[in-house]
Amino acid sequence: MKILISKTFFDPWQAVEAYQESMGKSGQYGGTAVFVGTMRDFNEGEDVKDMELEHYPGMTEKYLEEISRQAEDKWPILDSLIIHRVGKILPDEPIVVVAVWSAHRAAAFDACQFLIDELKSKAPFWKKETLESGSKWVEHNT
Amino acid sequence: MKILISKTFFDPWQAVEAYQESMGKSGQYGGTAVFVGTMRDFNEGEDVKDMELEHYPGMTEKYLEEISRQAEDKWPILDSLIIHRVGKILPDEPIVVVAVWSAHRAAAFDACQFLIDELKSKAPFWKKETLESGSKWVEHNT
Amino acid sequence: MAIQVKYFASLKERLGRDADEVSAEAISNGKISTVEDIWNMVVNGESMPVNTLCAINLEYVKPDAAVKDGDEVAFFPPVTGG
Amino acid sequence: MAIQVKYFASLKERLGRDADEVSAEAISNGKISTVEDIWNMVVNGESMPVNTLCAINLEYVKPDAAVKDGDEVAFFPPVTGG
């Protein structure tokens with residue numbers, strides 16, 4: 001299980017591959033489900049220039065570890081990885097990656113969806129977008 | 001939309017990243033859901049040494065294109081990628097990758113699950129495993 | 001022309017060949033009108049295994065689907081990809 | 001000791017600061033016993049916005065949760081990560 005809050009750009013595909021190689025579980029996993037959230041250049045009809053992502057250091061990591069452990073209790077998964085960006089982000093840059101490894105695909109999909117859903121609804125992160133009209137805190141998570 | 005039957009090893013993470021860069025849709029997708037199926041070194045309690053993957057050239061590609069188009073009709077997705085290995089495969093090598101790009105995560109997840117479920121239940125591929133006791137056609141898909 | 005018949009995977013191994021050709025005459029003289037008729041002609045009376053899947057021209061069909069000259073017909077066991 | 005109070009995101013901007021400290025005395029003399037009491041003390045009577053989330057020591061709690069000396073209490077708006 002790995003949780004990482006990244007202050008700088010990360011490549012989600014390279015990160016998943018690198019973590020997979022470091023897991024030491026080759027031959028055991030038959031299914032890997034991955035979700036990558038990427039910054040779009042528009043939101044609710046407005047162009048977005050960049051975004052500032054704030055978090056609550058300590059609580060965020062604790063909460064992400066908690067849901068990762070919950071996923072391990074609920075599904076027969078082998079391992080999981082969550083990386084979330086903070087700080088200033090530009091359009092087309094990755095915001096979050098969630099990856100889950102399991103023997104079979106159903107558990108991998110279900111746990112991956114659980115993790116991103118819980119992360120989006122409760123992990124203490126906040127987005128502030130820079131629009132043409134100025135900067136604005138995002139109020140609704142989609 | 002891309003469908004590829006690969007006779008040689010492919011790196012699913014590099015393939016997803018390369019296709020994403022070639023799509024020309026940067027800034028549009030907010031969610032990418034990916035499933036990777038990897039060959040395990042055991043199945044139904046027996047060690048598996050290697051595997052031969054046969055397909056029906058022509059029909060397989062046609063079927064995968066059909067379900068990719070169905071996914072585009074059913075969900076608001078931006079693009080999708082399916083790569084499936086054929087020929088001789090060793091444990092820990094990737095068998096299949098399915099990736100779906102969408103503005104939001106629900107459509108990406110749902111379409112990705114639809115594609116791998118349809119692929120597993122109906123795309124004309126057949127696995128023959130080499131076990132300690134000899135080689136055997138896989139009869140049940142899990 | 002003719003009808004090309006293809007077999008895959010365990011079925012191919014069991015039959016000991018990956019293809020057969022059924023002449024256009026078999027259709028024109030009424031001996032063959034469905035996929036199941038093709039099966040019965042090429043395998044010499046052995047009944048089709050319960051889970052056998054059938055295709056005409058790369059599309060799934062039921063065993064009672066009609067065949068015509070020039071078709072490609074395929075028989076194969078349940079699929080196990082992914 | 002004391003109670004450390006933290007604010008995040010839009011709430012931090014609205015209050016114009018990211019933290020406050022509430023003295024241990026405020027607890028021992030009975031002025032403060034819950035998270036909501038902390039809010040009322042630090043913001044000078046302004047009512048808590050409807051969707052405000054509260055945490056004690058990095059765990060979500062309801063506004064009526066009891067606080068004790070040494071706790072870290074946090075207030076923040078609905079989260080929007082991922």
# chains A, B, ... in the order shown; residues from 1 in each chain; ligands from 1

$ residues_around --residues "His140 of chain A" --least-positions-apart "5" --cutoff "10 Å" --atoms "only C-alpha atoms" --output "JSON, numbers by chain"
{"A": [44, 127], "D": [78, 79, 80]}

$ write_last_selection --atoms "C-alpha atoms" --output "compact mmCIF listing (two decimals), in the first residue's frame"
# COMPACT_ATOMS: atom_id res chain seq x y z
CA GLU A 44 -18.98 24.25 -15.80
CA LYS A 127 -9.38 23.25 -5.61
CA PRO D 78 -16.66 20.77 1.60
CA VAL D 79 -13.74 18.96 -0.05
CA THR D 80 -13.14 19.05 -3.81

$ residues_around --residues "Glu25 of chain C" --least-positions-apart "5" --cutoff "10 Å" --atoms "only C-alpha atoms" --output "list in words"
Met1, Ala2, Gly30, Lys31, Ile32 and Asp69 of chain C

$ calpha_fit_and_write --fixed "chain A" --moving "chain B" --output "compact mmCIF listing (two decimals) with C-alpha atoms, in the first residue's frame"
# COMPACT_ATOMS: atom_id res chain seq x y z
CA MET B 1 0.01 0.00 0.00
CA LYS B 2 1.37 3.38 -0.94
CA ILE B 3 0.02 6.90 -0.40
CA LEU B 4 1.82 9.90 -1.83
CA ILE B 5 1.01 13.61 -1.83
CA SER B 6 3.07 15.12 -4.64
CA LYS B 7 3.96 18.81 -4.82
CA THR B 8 5.35 18.39 -8.32
CA PHE B 9 4.26 16.89 -11.63
CA PHE B 10 4.12 13.10 -11.74
CA ASP B 11 3.59 10.69 -14.64
CA PRO B 12 0.75 8.38 -13.52
CA TRP B 13 1.59 5.57 -15.95
CA GLN B 14 5.25 5.50 -15.00
CA ALA B 15 4.29 5.70 -11.33
CA VAL B 16 1.94 2.71 -11.62
CA GLU B 17 4.54 0.69 -13.51
CA ALA B 18 7.32 1.55 -11.06
CA TYR B 19 5.17 0.69 -8.04
CA GLN B 20 4.06 -2.57 -9.69
CA GLU B 21 7.68 -3.59 -10.20
CA SER B 22 8.53 -2.73 -6.59
CA MET B 23 5.59 -4.72 -5.14
CA GLY B 24 7.30 -8.07 -5.53
CA LYS B 25 4.03 -9.81 -6.42
CA SER B 26 4.66 -10.81 -10.01
CA GLY B 27 2.58 -13.75 -11.17
CA GLN B 28 -0.03 -13.17 -8.44
CA TYR B 29 -2.15 -10.38 -9.87
CA GLY B 30 -4.40 -11.07 -12.84
CA GLY B 31 -6.22 -7.76 -12.81
CA THR B 32 -5.13 -4.16 -12.31
CA ALA B 33 -7.70 -1.36 -12.29
CA VAL B 34 -6.46 2.21 -12.57
CA PHE B 35 -8.16 5.58 -12.47
CA VAL B 36 -6.35 8.75 -13.48
CA GLY B 37 -7.91 12.17 -12.91
CA THR B 38 -6.53 14.85 -15.20
CA MET B 39 -7.04 18.62 -15.07
CA ARG B 40 -9.37 19.79 -17.82
CA ASP B 41 -9.12 23.23 -19.42
CA PHE B 42 -12.81 23.92 -18.77
CA ASN B 43 -15.27 23.47 -15.90
CA GLU B 44 -18.97 24.28 -15.81
CA GLY B 45 -18.65 26.11 -19.13
CA GLU B 46 -15.70 28.34 -18.26
CA ASP B 47 -12.08 28.17 -19.43
CA VAL B 48 -9.68 27.29 -16.63
CA LYS B 49 -6.12 28.64 -16.85
CA ASP B 50 -4.62 26.91 -13.85
CA MET B 51 -5.57 25.55 -10.46
CA GLU B 52 -4.25 25.63 -6.91
CA LEU B 53 -4.75 22.46 -4.91
CA GLU B 54 -4.66 22.82 -1.13
CA HIS B 55 -4.74 19.98 1.37
CA TYR B 56 -4.66 19.40 5.12
CA PRO B 57 -1.17 17.94 5.69
CA GLY B 58 -1.40 14.98 8.04
CA MET B 59 -5.15 14.50 7.87
CA THR B 60 -5.14 13.88 4.12
CA GLU B 61 -2.52 11.13 4.33
CA LYS B 62 -4.24 9.60 7.38
CA TYR B 63 -7.60 9.53 5.59
CA LEU B 64 -6.15 7.99 2.42
CA GLU B 65 -4.43 5.29 4.48
CA GLU B 66 -7.71 4.62 6.25
CA ILE B 67 -9.68 4.07 3.02
CA SER B 68 -6.84 1.97 1.56
CA ARG B 69 -7.06 -0.29 4.62
CA GLN B 70 -10.86 -0.39 4.30
CA ALA B 71 -10.48 -1.51 0.67
CA GLU B 72 -8.16 -4.32 1.80
CA ASP B 73 -10.76 -5.42 4.34
CA LYS B 74 -13.66 -5.31 1.90
CA TRP B 75 -12.07 -6.95 -1.17
CA PRO B 76 -9.40 -9.63 -1.78
CA ILE B 77 -6.87 -7.19 -3.22
CA LEU B 78 -3.10 -7.59 -3.31
CA ASP B 79 -1.97 -3.98 -3.23
CA SER B 80 -3.02 -0.39 -3.93
CA LEU B 81 -1.46 2.94 -4.82
CA ILE B 82 -2.80 6.48 -4.45
CA ILE B 83 -0.89 9.56 -5.62
CA HIS B 84 -2.51 13.01 -5.41
CA ARG B 85 -1.04 16.27 -6.60
CA VAL B 86 -1.09 19.48 -4.54
CA GLY B 87 0.09 23.02 -5.33
CA LYS B 88 -0.22 24.77 -8.67
CA ILE B 89 -1.50 22.58 -11.51
CA LEU B 90 -1.86 23.32 -15.23
CA PRO B 91 -4.48 21.94 -17.63
CA ASP B 92 -3.71 18.44 -18.91
CA GLU B 93 -1.59 17.62 -15.86
CA PRO B 94 -2.56 14.59 -13.76
CA ILE B 95 -4.26 15.34 -10.43
CA VAL B 96 -4.72 11.86 -9.02
CA VAL B 97 -3.99 8.22 -9.76
CA VAL B 98 -5.57 5.28 -7.96
CA ALA B 99 -4.40 1.76 -8.83
CA VAL B 100 -5.50 -1.59 -7.38
CA TRP B 101 -3.99 -5.02 -8.00
CA SER B 102 -5.97 -8.23 -7.46
CA ALA B 103 -6.08 -11.85 -8.60
CA HIS B 104 -9.35 -11.18 -10.45
CA ARG B 105 -10.85 -8.14 -12.10
CA ALA B 106 -14.08 -7.59 -10.14
CA ALA B 107 -12.27 -6.87 -6.86
CA ALA B 108 -9.75 -4.60 -8.61
CA PHE B 109 -12.52 -2.55 -10.26
CA ASP B 110 -14.71 -2.34 -7.17
CA ALA B 111 -11.87 -1.35 -4.86
CA CYS B 112 -10.54 1.22 -7.34
CA GLN B 113 -13.97 2.83 -7.65
CA PHE B 114 -14.43 2.77 -3.88
CA LEU B 115 -11.09 4.51 -3.34
CA ILE B 116 -11.65 7.31 -5.85
CA ASP B 117 -15.24 7.82 -4.64
CA GLU B 118 -14.16 8.04 -0.99
CA LEU B 119 -11.21 10.26 -1.91
CA LYS B 120 -13.45 12.66 -3.86
CA SER B 121 -16.15 12.84 -1.21
CA LYS B 122 -14.06 13.05 1.97
CA ALA B 123 -10.28 13.49 1.56
CA PRO B 124 -9.36 17.05 2.65
CA PHE B 125 -8.30 18.60 -0.67
CA TRP B 126 -9.62 21.88 -2.09
CA LYS B 127 -9.37 23.24 -5.62
CA LYS B 128 -9.17 26.91 -6.52
CA GLU B 129 -9.44 27.60 -10.23
CA THR B 130 -8.01 30.58 -12.09
CA LEU B 131 -10.63 31.62 -14.65
CA GLU B 132 -10.73 34.54 -17.10
CA SER B 133 -12.88 36.35 -14.56
CA GLY B 134 -10.52 35.77 -11.62
CA SER B 135 -9.91 32.95 -9.20
CA LYS B 136 -12.65 30.92 -7.56
CA TRP B 137 -12.85 28.03 -5.10
CA VAL B 138 -14.52 25.01 -6.65
CA GLU B 139 -17.72 24.32 -4.72
CA HIS B 140 -19.12 21.19 -6.29
CA ASN B 141 -17.12 18.07 -6.89
CA THR B 142 -18.10 16.20 -10.04

$ residues_around --residues "Phe75 of chain C" --least-positions-apart "5" --cutoff "12 Å" --atoms "only C-alpha atoms" --output "JSON, numbers by chain"
{"B": [56, 124], "C": [4, 5, 6, 7, 8, 9, 10, 11, 12, 15, 18, 19, 20, 35, 36, 38, 39, 40, 42, 43, 48, 49, 50, 51, 52, 53, 54, 55, 56, 57, 58, 59, 60, 61, 62, 63]}

$ calpha_fit_and_write --fixed "chain D" --moving "chain C" --output "PDB file with C-alpha atoms, in the first residue's frame"
ATOM      1  CA  MET C   1      -0.731  23.331  26.649  1.00  0.00           C
ATOM      2  CA  ALA C   2      -3.487  24.728  24.442  1.00  0.00           C
ATOM      3  CA  ILE C   3      -5.824  23.888  21.578  1.00  0.00           C
ATOM      4  CA  GLN C   4      -4.498  24.549  18.061  1.00  0.00           C
ATOM      5  CA  VAL C   5      -7.200  25.637  15.618  1.00  0.00           C
ATOM      6  CA  LYS C   6      -6.678  25.403  11.848  1.00  0.00           C
ATOM      7  CA  TYR C   7      -8.623  26.758   8.869  1.00  0.00           C
ATOM      8  CA  PHE C   8      -8.382  25.745   5.234  1.00  0.00           C
ATOM      9  CA  ALA C   9      -9.272  26.910   1.738  1.00  0.00           C
ATOM     10  CA  SER C  10     -12.127  29.443   1.358  1.00  0.00           C
ATOM     11  CA  LEU C  11     -12.689  29.508   5.115  1.00  0.00           C
ATOM     12  CA  LYS C  12      -9.045  30.409   5.716  1.00  0.00           C
ATOM     13  CA  GLU C  13      -9.338  33.236   3.172  1.00  0.00           C
ATOM     14  CA  ARG C  14     -12.571  34.508   4.691  1.00  0.00           C
ATOM     15  CA  LEU C  15     -11.113  34.580   8.197  1.00  0.00           C
ATOM     16  CA  GLY C  16      -7.872  36.094   6.921  1.00  0.00           C
ATOM     17  CA  ARG C  17      -5.697  33.632   8.871  1.00  0.00           C
ATOM     18  CA  ASP C  18      -4.880  29.921   8.846  1.00  0.00           C
ATOM     19  CA  ALA C  19      -4.714  29.219  12.561  1.00  0.00           C
ATOM     20  CA  ASP C  20      -5.622  30.308  16.087  1.00  0.00           C
ATOM     21  CA  GLU C  21      -4.648  29.104  19.522  1.00  0.00           C
ATOM     22  CA  VAL C  22      -7.179  28.661  22.309  1.00  0.00           C
ATOM     23  CA  SER C  23      -5.674  28.627  25.777  1.00  0.00           C
ATOM     24  CA  ALA C  24      -6.011  25.687  28.114  1.00  0.00           C
ATOM     25  CA  GLU C  25      -7.683  28.007  30.600  1.00  0.00           C
ATOM     26  CA  ALA C  26     -10.733  28.423  28.366  1.00  0.00           C
ATOM     27  CA  ILE C  27     -11.286  24.692  28.839  1.00  0.00           C
ATOM     28  CA  SER C  28     -10.480  24.478  32.512  1.00  0.00           C
ATOM     29  CA  ASN C  29     -12.778  27.369  33.332  1.00  0.00           C
ATOM     30  CA  GLY C  30     -15.649  25.728  31.424  1.00  0.00           C
ATOM     31  CA  LYS C  31     -15.996  28.321  28.640  1.00  0.00           C
ATOM     32  CA  ILE C  32     -15.227  25.678  26.023  1.00  0.00           C
ATOM     33  CA  SER C  33     -16.259  22.043  25.888  1.00  0.00           C
ATOM     34  CA  THR C  34     -17.123  21.307  22.211  1.00  0.00           C
ATOM     35  CA  VAL C  35     -15.821  22.018  18.718  1.00  0.00           C
ATOM     36  CA  GLU C  36     -18.723  24.422  18.226  1.00  0.00           C
ATOM     37  CA  ASP C  37     -17.648  26.359  21.333  1.00  0.00           C
ATOM     38  CA  ILE C  38     -14.210  26.761  19.764  1.00  0.00           C
ATOM     39  CA  TRP C  39     -15.798  28.161  16.592  1.00  0.00           C
ATOM     40  CA  ASN C  40     -17.889  30.633  18.534  1.00  0.00           C
ATOM     41  CA  MET C  41     -14.883  31.834  20.509  1.00  0.00           C
ATOM     42  CA  VAL C  42     -12.517  32.345  17.567  1.00  0.00           C
ATOM     43  CA  VAL C  43     -14.890  33.913  15.035  1.00  0.00           C
ATOM     44  CA  ASN C  44     -16.588  36.388  17.377  1.00  0.00           C
ATOM     45  CA  GLY C  45     -20.184  35.320  17.079  1.00  0.00           C
ATOM     46  CA  GLU C  46     -20.454  34.623  13.328  1.00  0.00           C
ATOM     47  CA  SER C  47     -22.449  31.433  12.797  1.00  0.00           C
ATOM     48  CA  MET C  48     -20.760  28.405  11.254  1.00  0.00           C
ATOM     49  CA  PRO C  49     -21.494  28.098   7.492  1.00  0.00           C
ATOM     50  CA  VAL C  50     -23.932  25.226   6.871  1.00  0.00           C
ATOM     51  CA  ASN C  51     -21.495  22.873   5.133  1.00  0.00           C
ATOM     52  CA  THR C  52     -18.483  23.463   7.349  1.00  0.00           C
ATOM     53  CA  LEU C  53     -16.590  20.288   8.201  1.00  0.00           C
ATOM     54  CA  CYS C  54     -14.884  19.799  11.552  1.00  0.00           C
ATOM     55  CA  ALA C  55     -11.999  17.576  12.641  1.00  0.00           C
ATOM     56  CA  ILE C  56     -10.257  16.795  15.915  1.00  0.00           C
ATOM     57  CA  ASN C  57      -6.743  15.369  15.692  1.00  0.00           C
ATOM     58  CA  LEU C  58      -7.092  14.632  11.947  1.00  0.00           C
ATOM     59  CA  GLU C  59     -10.416  12.749  12.282  1.00  0.00           C
ATOM     60  CA  TYR C  60     -13.825  14.022  11.179  1.00  0.00           C
ATOM     61  CA  VAL C  61     -16.147  14.892  14.085  1.00  0.00           C
ATOM     62  CA  LYS C  62     -19.519  16.557  14.529  1.00  0.00           C
ATOM     63  CA  PRO C  63     -19.687  20.121  15.911  1.00  0.00           C
ATOM     64  CA  ASP C  64     -20.891  18.825  19.283  1.00  0.00           C
ATOM     65  CA  ALA C  65     -17.813  16.628  19.775  1.00  0.00           C
ATOM     66  CA  ALA C  66     -15.914  17.267  23.025  1.00  0.00           C
ATOM     67  CA  VAL C  67     -12.479  18.877  22.912  1.00  0.00           C
ATOM     68  CA  LYS C  68      -9.667  18.558  25.423  1.00  0.00           C
ATOM     69  CA  ASP C  69      -6.418  20.323  26.096  1.00  0.00           C
ATOM     70  CA  GLY C  70      -3.741  19.511  23.493  1.00  0.00           C
ATOM     71  CA  ASP C  71      -6.224  18.776  20.683  1.00  0.00           C
ATOM     72  CA  GLU C  72      -5.811  20.044  17.125  1.00  0.00           C
ATOM     73  CA  VAL C  73      -9.182  21.279  15.869  1.00  0.00           C
ATOM     74  CA  ALA C  74      -9.815  22.095  12.206  1.00  0.00           C
ATOM     75  CA  PHE C  75     -12.599  23.793  10.251  1.00  0.00           C
ATOM     76  CA  PHE C  76     -12.890  23.622   6.472  1.00  0.00           C
ATOM     77  CA  PRO C  77     -15.387  23.802   3.583  1.00  0.00           C
ATOM     78  CA  PRO C  78     -16.649  20.768   1.598  1.00  0.00           C
ATOM     79  CA  VAL C  79     -13.750  18.961  -0.052  1.00  0.00           C
ATOM     80  CA  THR C  80     -13.154  19.055  -3.804  1.00  0.00           C
ATOM     81  CA  GLY C  81     -10.152  16.806  -4.469  1.00  0.00           C
ATOM     82  CA  GLY C  82      -9.604  14.033  -6.977  1.00  0.00           C
TER      83      GLY C  82
END

$ select_by_dssp --residues "chain B" --states "strand (DSSP E or B)" --output "PyMOL selection string"
chain B and resi 2-6+31-38+42-43+46-55+77-85+87-89+94-102+125-131+134-137

$ select_by_dssp --residues "chain D" --states "alpha helix (DSSP H)" --output "PyMOL selection string"
chain D and resi 9-15+24-28+35-42
